[in-house]
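Here the structure comes first, spelled out in structure tokens, and everything after it is commentary.
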Amino acid sequence: MASADSLTVPEARTLTGTDVPLPAPADDLPAGPSTGPSAGPSTGLTEAMRERLAAAARDADASGEPDRPALALLRETGLLGLALPYEYGGTGADAHGLNSAVAQVAQVNASASIMLFQHYAVSRRILEHGSPALRRRLLPQLARGDWLAASAWSETGAGANKKQLSTVARRTPDGGWVLDGAKSFTTSAGLADIYLVLAQTEEPEPDAAPDTGYGSAGQTFFLIPADTPGLEPDTSMRLTGMRGSATGFVSVHDCHVPDTARLGPVGAAASIIAGVRDSGATLGAVSVGLAEAALELAHRHAEKRGLLAQQAVRHRLVDIAGEVETARAVVERAGRRTADDPGIATLHSKLVASSAAERVINAVERLLGSAGYVASNEINRYGRDARAVALMGPTNDLCKELVSLTWNR
């Protein structure tokens, strides 16, 4: 792993088809069989992979411990490299492909899908904003799955819009930086090999930059390897949902990093954040996977109990399926970036899909009756995981604010 002093990782070799085995494009990987009316586009997960991820999800939900078996499987499958181009050892998937992969993993293990989504997000930010040297050094590691990336943006007291950061980064005489502060609700805390940390590097001046609604002027991103002295993860947080996602705290105290650890210009983090939603990758994909899983569960229950003979049950299932189709459609539109404003479409996709998933799961709970009231029934995990998506950044309330801010310009 990289040292904090130099951010050095093994130099990437020239990537060719003969000396580096690349994962196949997602559309060419072996697909598992359709599991019912809710089956979506394949990401290459075989039935055996789905079963392993599902078993890991059940165990992690019961224990509340980080889902290490699921992470190991993500590394094995090559899914961690989907967001990066072939030249770095990735698969070169577009946003639609990434959303499809996240949704399919979420069908069986929502916690693993969140870790996957965050890894994609950081990988893409390095690809878009990293220096050529930084890309050469980090991206092959991330594409191969040797390293897992995580975002450390949130912190207690900063608010969902990340405007009141207490984490600060100060210049050192040698040109590097020293960071101090604490982050909360960091997915993959303690599992990640590198963290994208958001810090305040200078006091924002009044009207220094237009209000993007998320982040503020004077904030800068830093890529900090997990073994850097002064960086400490804390996984003592126990969540109601997404219990295997290793969501916890990450503190940085007297944490020294070189200037080469900086991602993007000093003070430009807000503009990088504003551009994230234009990518089309959306947390709504997690909600789609959860909604699909709930619909599939409802069909299995109805078939097992002989309820499909009842018109009322069939019509309820049609209504539920319509909600799932709606969520799929908005997420697909965001991923294909066909809207006049792709960023607004991405925000809407999280709002619509996360709300639809909660409605779908509530409807399925009612259809299950007393069977759904048993603690071991998976519908309960789906409901807790679905609620978590709405609270993830940008939260649904912040999504509404980000959309509506454009009306005042």
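Residues are referred to by chain and number: the chain letter is A, B, ... according to the order shown in the structure tokens, the number counts from 1 in that chain, and ligands are numbered separately from 1 in the order shown.
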Legend entry - All residues 10 Å or closer to A:Arg171, only C-alpha atoms, same chain fewer than 5 positions away omitted, as a PyMOL selection string: chain A and resi 176-179+201+256-259
Inset, instruction - Could you please determine the separation between atom CA of A:Pro233 and atom CA of A:Met115 in Å, to one decimal place? - result: 15.5 Å
Could you make a table, as a tab-separated table, of the residues of stretch 31-107 of chain A that have an atom within 12 Å of an atom of stretch 242-253 of chain A, each with its nearest atom pair and distance in Å to one decimal, counting only C-alpha atoms, in chain and number order?
```
residue	atom	partner	partner_atom	distance
A:Leu53	CA	A:Gly244	CA	11.2
A:Ala54	CA	A:Gly244	CA	11.6
A:Ala55	CA	A:Gly244	CA	11.7
A:Ala56	CA	A:Gly244	CA	8.6
A:Ala57	CA	A:Gly244	CA	6.9
A:Arg58	CA	A:Gly244	CA	9.1
A:Asp59	CA	A:Gly244	CA	8.5
A:Ala60	CA	A:Gly244	CA	4.9
A:Asp61	CA	A:Arg243	CA	5.3
A:Ala62	CA	A:Arg243	CA	8.3
A:Ser63	CA	A:Arg243	CA	8.1
A:Gly64	CA	A:Arg243	CA	5.0
A:Glu65	CA	A:Gly244	CA	5.8
A:Pro66	CA	A:Gly244	CA	4.5
A:Asp67	CA	A:Gly244	CA	4.6
A:Arg68	CA	A:Gly244	CA	8.2
A:Pro69	CA	A:Gly244	CA	10.0
A:Ala70	CA	A:Gly244	CA	8.9
A:Leu71	CA	A:Ser245	CA	9.5
A:Ala106	CA	A:Met242	CA	10.6
```
Save the residues we just selected, all heavy atoms, as a compact mmCIF listing (two decimals), in the first residue's frame?
```
# COMPACT_ATOMS: atom_id res chain seq x y z
N LEU A 53 -23.46 -13.79 -2.79
CA LEU A 53 -23.73 -12.43 -2.33
C LEU A 53 -24.95 -12.37 -1.41
O LEU A 53 -24.95 -11.65 -0.41
CB LEU A 53 -23.94 -11.51 -3.54
CG LEU A 53 -22.69 -11.07 -4.30
CD1 LEU A 53 -23.07 -10.35 -5.60
CD2 LEU A 53 -21.81 -10.16 -3.44
N ALA A 54 -25.98 -13.14 -1.75
CA ALA A 54 -27.18 -13.15 -0.92
C ALA A 54 -26.90 -13.74 0.46
O ALA A 54 -27.37 -13.22 1.48
CB ALA A 54 -28.28 -13.94 -1.63
N ALA A 55 -26.13 -14.83 0.48
CA ALA A 55 -25.79 -15.44 1.77
C ALA A 55 -24.96 -14.48 2.62
O ALA A 55 -25.16 -14.36 3.84
CB ALA A 55 -25.02 -16.74 1.55
N ALA A 56 -24.03 -13.77 1.98
CA ALA A 56 -23.21 -12.80 2.70
C ALA A 56 -24.07 -11.67 3.25
O ALA A 56 -23.84 -11.17 4.36
CB ALA A 56 -22.12 -12.25 1.78
N ALA A 57 -25.07 -11.25 2.47
CA ALA A 57 -25.97 -10.17 2.93
C ALA A 57 -26.75 -10.58 4.16
O ALA A 57 -26.90 -9.80 5.11
CB ALA A 57 -26.92 -9.79 1.80
N ARG A 58 -27.25 -11.81 4.17
CA ARG A 58 -28.00 -12.29 5.33
C ARG A 58 -27.12 -12.34 6.58
O ARG A 58 -27.53 -11.93 7.67
CB ARG A 58 -28.60 -13.66 5.04
CG ARG A 58 -29.73 -13.64 4.02
CD ARG A 58 -30.44 -14.98 3.96
NE ARG A 58 -29.59 -16.03 3.39
CZ ARG A 58 -29.52 -16.31 2.09
NH1 ARG A 58 -30.25 -15.63 1.21
NH2 ARG A 58 -28.75 -17.29 1.66
N ASP A 59 -25.90 -12.83 6.41
CA ASP A 59 -24.99 -12.94 7.55
C ASP A 59 -24.61 -11.56 8.09
O ASP A 59 -24.60 -11.34 9.31
CB ASP A 59 -23.72 -13.70 7.15
CG ASP A 59 -23.98 -15.17 6.88
OD1 ASP A 59 -25.04 -15.67 7.30
OD2 ASP A 59 -23.13 -15.81 6.24
N ALA A 60 -24.29 -10.63 7.18
CA ALA A 60 -23.88 -9.29 7.61
C ALA A 60 -25.03 -8.54 8.26
O ALA A 60 -24.83 -7.78 9.22
CB ALA A 60 -23.33 -8.50 6.42
N ASP A 61 -26.25 -8.75 7.76
CA ASP A 61 -27.40 -8.07 8.36
C ASP A 61 -27.63 -8.57 9.78
O ASP A 61 -28.00 -7.80 10.67
CB ASP A 61 -28.64 -8.31 7.50
CG ASP A 61 -29.83 -7.50 7.99
OD1 ASP A 61 -29.75 -6.26 7.95
OD2 ASP A 61 -30.82 -8.11 8.43
N ALA A 62 -27.41 -9.85 9.99
CA ALA A 62 -27.61 -10.42 11.33
C ALA A 62 -26.53 -9.96 12.30
O ALA A 62 -26.80 -9.67 13.46
CB ALA A 62 -27.64 -11.94 11.26
N SER A 63 -25.29 -9.88 11.81
CA SER A 63 -24.17 -9.56 12.70
C SER A 63 -23.88 -8.07 12.80
O SER A 63 -23.33 -7.61 13.80
CB SER A 63 -22.90 -10.28 12.21
OG SER A 63 -22.45 -9.72 10.97
N GLY A 64 -24.21 -7.31 11.76
CA GLY A 64 -23.86 -5.90 11.72
C GLY A 64 -22.41 -5.66 11.40
O GLY A 64 -21.93 -4.52 11.44
N GLU A 65 -21.68 -6.71 11.05
CA GLU A 65 -20.25 -6.59 10.75
C GLU A 65 -20.04 -6.28 9.27
O GLU A 65 -20.90 -6.62 8.43
CB GLU A 65 -19.53 -7.89 11.10
CG GLU A 65 -19.52 -8.20 12.59
CD GLU A 65 -18.81 -7.12 13.40
OE1 GLU A 65 -17.75 -6.65 12.96
OE2 GLU A 65 -19.35 -6.74 14.46
N PRO A 66 -18.93 -5.63 8.91
CA PRO A 66 -18.63 -5.36 7.49
C PRO A 66 -18.69 -6.63 6.66
O PRO A 66 -18.22 -7.69 7.09
CB PRO A 66 -17.22 -4.78 7.54
CG PRO A 66 -17.10 -4.16 8.90
CD PRO A 66 -17.89 -5.07 9.81
N ASP A 67 -19.24 -6.52 5.47
CA ASP A 67 -19.44 -7.69 4.62
C ASP A 67 -18.18 -7.98 3.82
O ASP A 67 -18.09 -7.70 2.62
CB ASP A 67 -20.63 -7.45 3.68
CG ASP A 67 -21.14 -8.74 3.08
OD1 ASP A 67 -20.39 -9.73 3.06
OD2 ASP A 67 -22.29 -8.77 2.61
N ARG A 68 -17.20 -8.56 4.47
CA ARG A 68 -15.94 -8.88 3.81
C ARG A 68 -16.09 -9.96 2.74
O ARG A 68 -15.44 -9.89 1.68
CB ARG A 68 -14.90 -9.30 4.85
CG ARG A 68 -14.57 -8.18 5.84
CD ARG A 68 -13.57 -8.63 6.91
NE ARG A 68 -13.42 -7.61 7.93
CZ ARG A 68 -12.60 -6.56 7.85
NH1 ARG A 68 -11.84 -6.44 6.76
NH2 ARG A 68 -12.52 -5.67 8.81
N PRO A 69 -16.91 -11.01 2.95
CA PRO A 69 -17.08 -12.00 1.88
C PRO A 69 -17.63 -11.40 0.59
O PRO A 69 -17.21 -11.77 -0.51
CB PRO A 69 -18.05 -13.01 2.49
CG PRO A 69 -17.84 -12.90 3.96
CD PRO A 69 -17.58 -11.45 4.20
N ALA A 70 -18.58 -10.46 0.71
CA ALA A 70 -19.12 -9.81 -0.49
C ALA A 70 -18.05 -9.00 -1.19
O ALA A 70 -17.94 -9.01 -2.43
CB ALA A 70 -20.31 -8.93 -0.13
N LEU A 71 -17.24 -8.28 -0.42
CA LEU A 71 -16.17 -7.49 -1.01
C LEU A 71 -15.16 -8.38 -1.72
O LEU A 71 -14.70 -8.06 -2.82
CB LEU A 71 -15.47 -6.66 0.07
CG LEU A 71 -14.25 -5.86 -0.39
CD1 LEU A 71 -14.60 -4.91 -1.52
CD2 LEU A 71 -13.64 -5.09 0.79
N ALA A 106 -27.43 -4.97 -6.07
CA ALA A 106 -28.38 -4.57 -5.03
C ALA A 106 -29.54 -5.54 -4.91
O ALA A 106 -30.14 -5.66 -3.83
CB ALA A 106 -28.91 -3.17 -5.31
```
Inset, instruction - Please identify which residues in stretch 88-238 of chain A DSSP calls helix (DSSP H, G or I) from the backbone, and express them as a VMD selection string. - result: chain A and resid 88 95 to 108 110 to 129 132 to 144
Legend entry - Atomic distance atom CA of A:Arg337 - atom CA of A:Ser123, expressed in Å with one decimal: 19.3 Å
Inset, instruction - Work out how far apart atom CA of A:Ala152 and atom CA of A:Gly230 are and give it in Å to one decimal. - result: 14.6 Å
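Comparing A:Ala274, A:Val286, A:Ala390, A:Leu231 by their smallest distance to A:Arg125, the closest is A:Ala274 (using only C-alpha atoms).
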Inset, instruction - Tell me which protein, DNA and RNA residues are within 10 Å of stretch 382-384 of chain A, counting only C-alpha atoms, leaving out same-chain ones fewer than 2 positions away, and put them as a PyMOL selection string. - result: chain A and resi 106-110+239-243+287+289-291+293-294+357-362+365+377-380+386-389
Inset, instruction - Going by DSSP on the backbone, which bits of stretch 125-374 of chain A are strand (DSSP E or B)? Write them as a PyMOL selection string, please. - result: chain A and resi 149-152+168-171+177-186+194-200+219-225+231-234+248-257+262-263+268
Inset, instruction - Write out as a PyMOL selection string which residues come within 12 Å of A:Glu76 when counting only C-alpha atoms, dropping same-chain ones fewer than 5 positions away. - result: chain A and resi 23+45+49+69-71+81+143-146
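Neighbouring residues of stretch 214-227 of chain A at 6 Å or closer, counting only C-alpha atoms and skipping chain neighbours under 6 positions away, are Asn161, Lys162, Lys163, Asp193, Ile194, Tyr195, Leu196, Val197, Leu198, Ala199, Gln200, Thr201, Glu202, Glu203, Pro204, Ala261, Arg262, Leu263, Val266, Gly267, Ala268, Ala269 and Ala270 of chain A.
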Quick one: write out the picked residues with C-alpha atoms as a PDB file, in the first residue's frame?
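Final output, result05.pdb:
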```pdb
ATOM      1  CA  ASN A 161     -24.924  20.152   1.762  1.00  0.00           C
ATOM      2  CA  LYS A 162     -21.360  19.957   3.194  1.00  0.00           C
ATOM      3  CA  LYS A 163     -21.086  23.731   3.583  1.00  0.00           C
ATOM      4  CA  ASP A 193      -7.499   1.104   0.727  1.00  0.00           C
ATOM      5  CA  ILE A 194      -7.794   4.772  -0.206  1.00  0.00           C
ATOM      6  CA  TYR A 195     -10.181   7.551   0.838  1.00  0.00           C
ATOM      7  CA  LEU A 196     -11.272  10.661  -1.039  1.00  0.00           C
ATOM      8  CA  VAL A 197     -11.373  13.205   1.791  1.00  0.00           C
ATOM      9  CA  LEU A 198     -13.078  16.589   1.539  1.00  0.00           C
ATOM     10  CA  ALA A 199     -11.416  19.369   3.555  1.00  0.00           C
ATOM     11  CA  GLN A 200     -11.553  23.132   3.928  1.00  0.00           C
ATOM     12  CA  THR A 201      -8.289  24.633   2.669  1.00  0.00           C
ATOM     13  CA  GLU A 202      -9.159  28.312   2.762  1.00  0.00           C
ATOM     14  CA  GLU A 203     -11.868  30.565   4.057  1.00  0.00           C
ATOM     15  CA  PRO A 204     -14.453  31.207   1.350  1.00  0.00           C
ATOM     16  CA  ALA A 261      -2.367  13.596  -2.978  1.00  0.00           C
ATOM     17  CA  ARG A 262      -4.536  16.554  -3.948  1.00  0.00           C
ATOM     18  CA  LEU A 263      -7.277  15.859  -6.505  1.00  0.00           C
ATOM     19  CA  VAL A 266      -6.997  23.959  -4.540  1.00  0.00           C
ATOM     20  CA  GLY A 267     -10.431  25.214  -3.509  1.00  0.00           C
ATOM     21  CA  ALA A 268     -12.212  23.597  -6.477  1.00  0.00           C
ATOM     22  CA  ALA A 269     -13.977  20.698  -4.764  1.00  0.00           C
ATOM     23  CA  ALA A 270     -17.419  22.296  -5.100  1.00  0.00           C
TER      24      ALA A 270
END
```
Legend entry - Closest of A:Leu317, A:Val276, A:Ala169, A:Asp397 to A:Ala302 - atom-to-atom distances counting only C-alpha atoms: A:Leu317
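Among the candidates A:Gly90, A:Glu325, A:Gly335, A:Glu303, the residue lying nearest to A:Leu368 is A:Glu303 (atoms considered: only C-alpha atoms).
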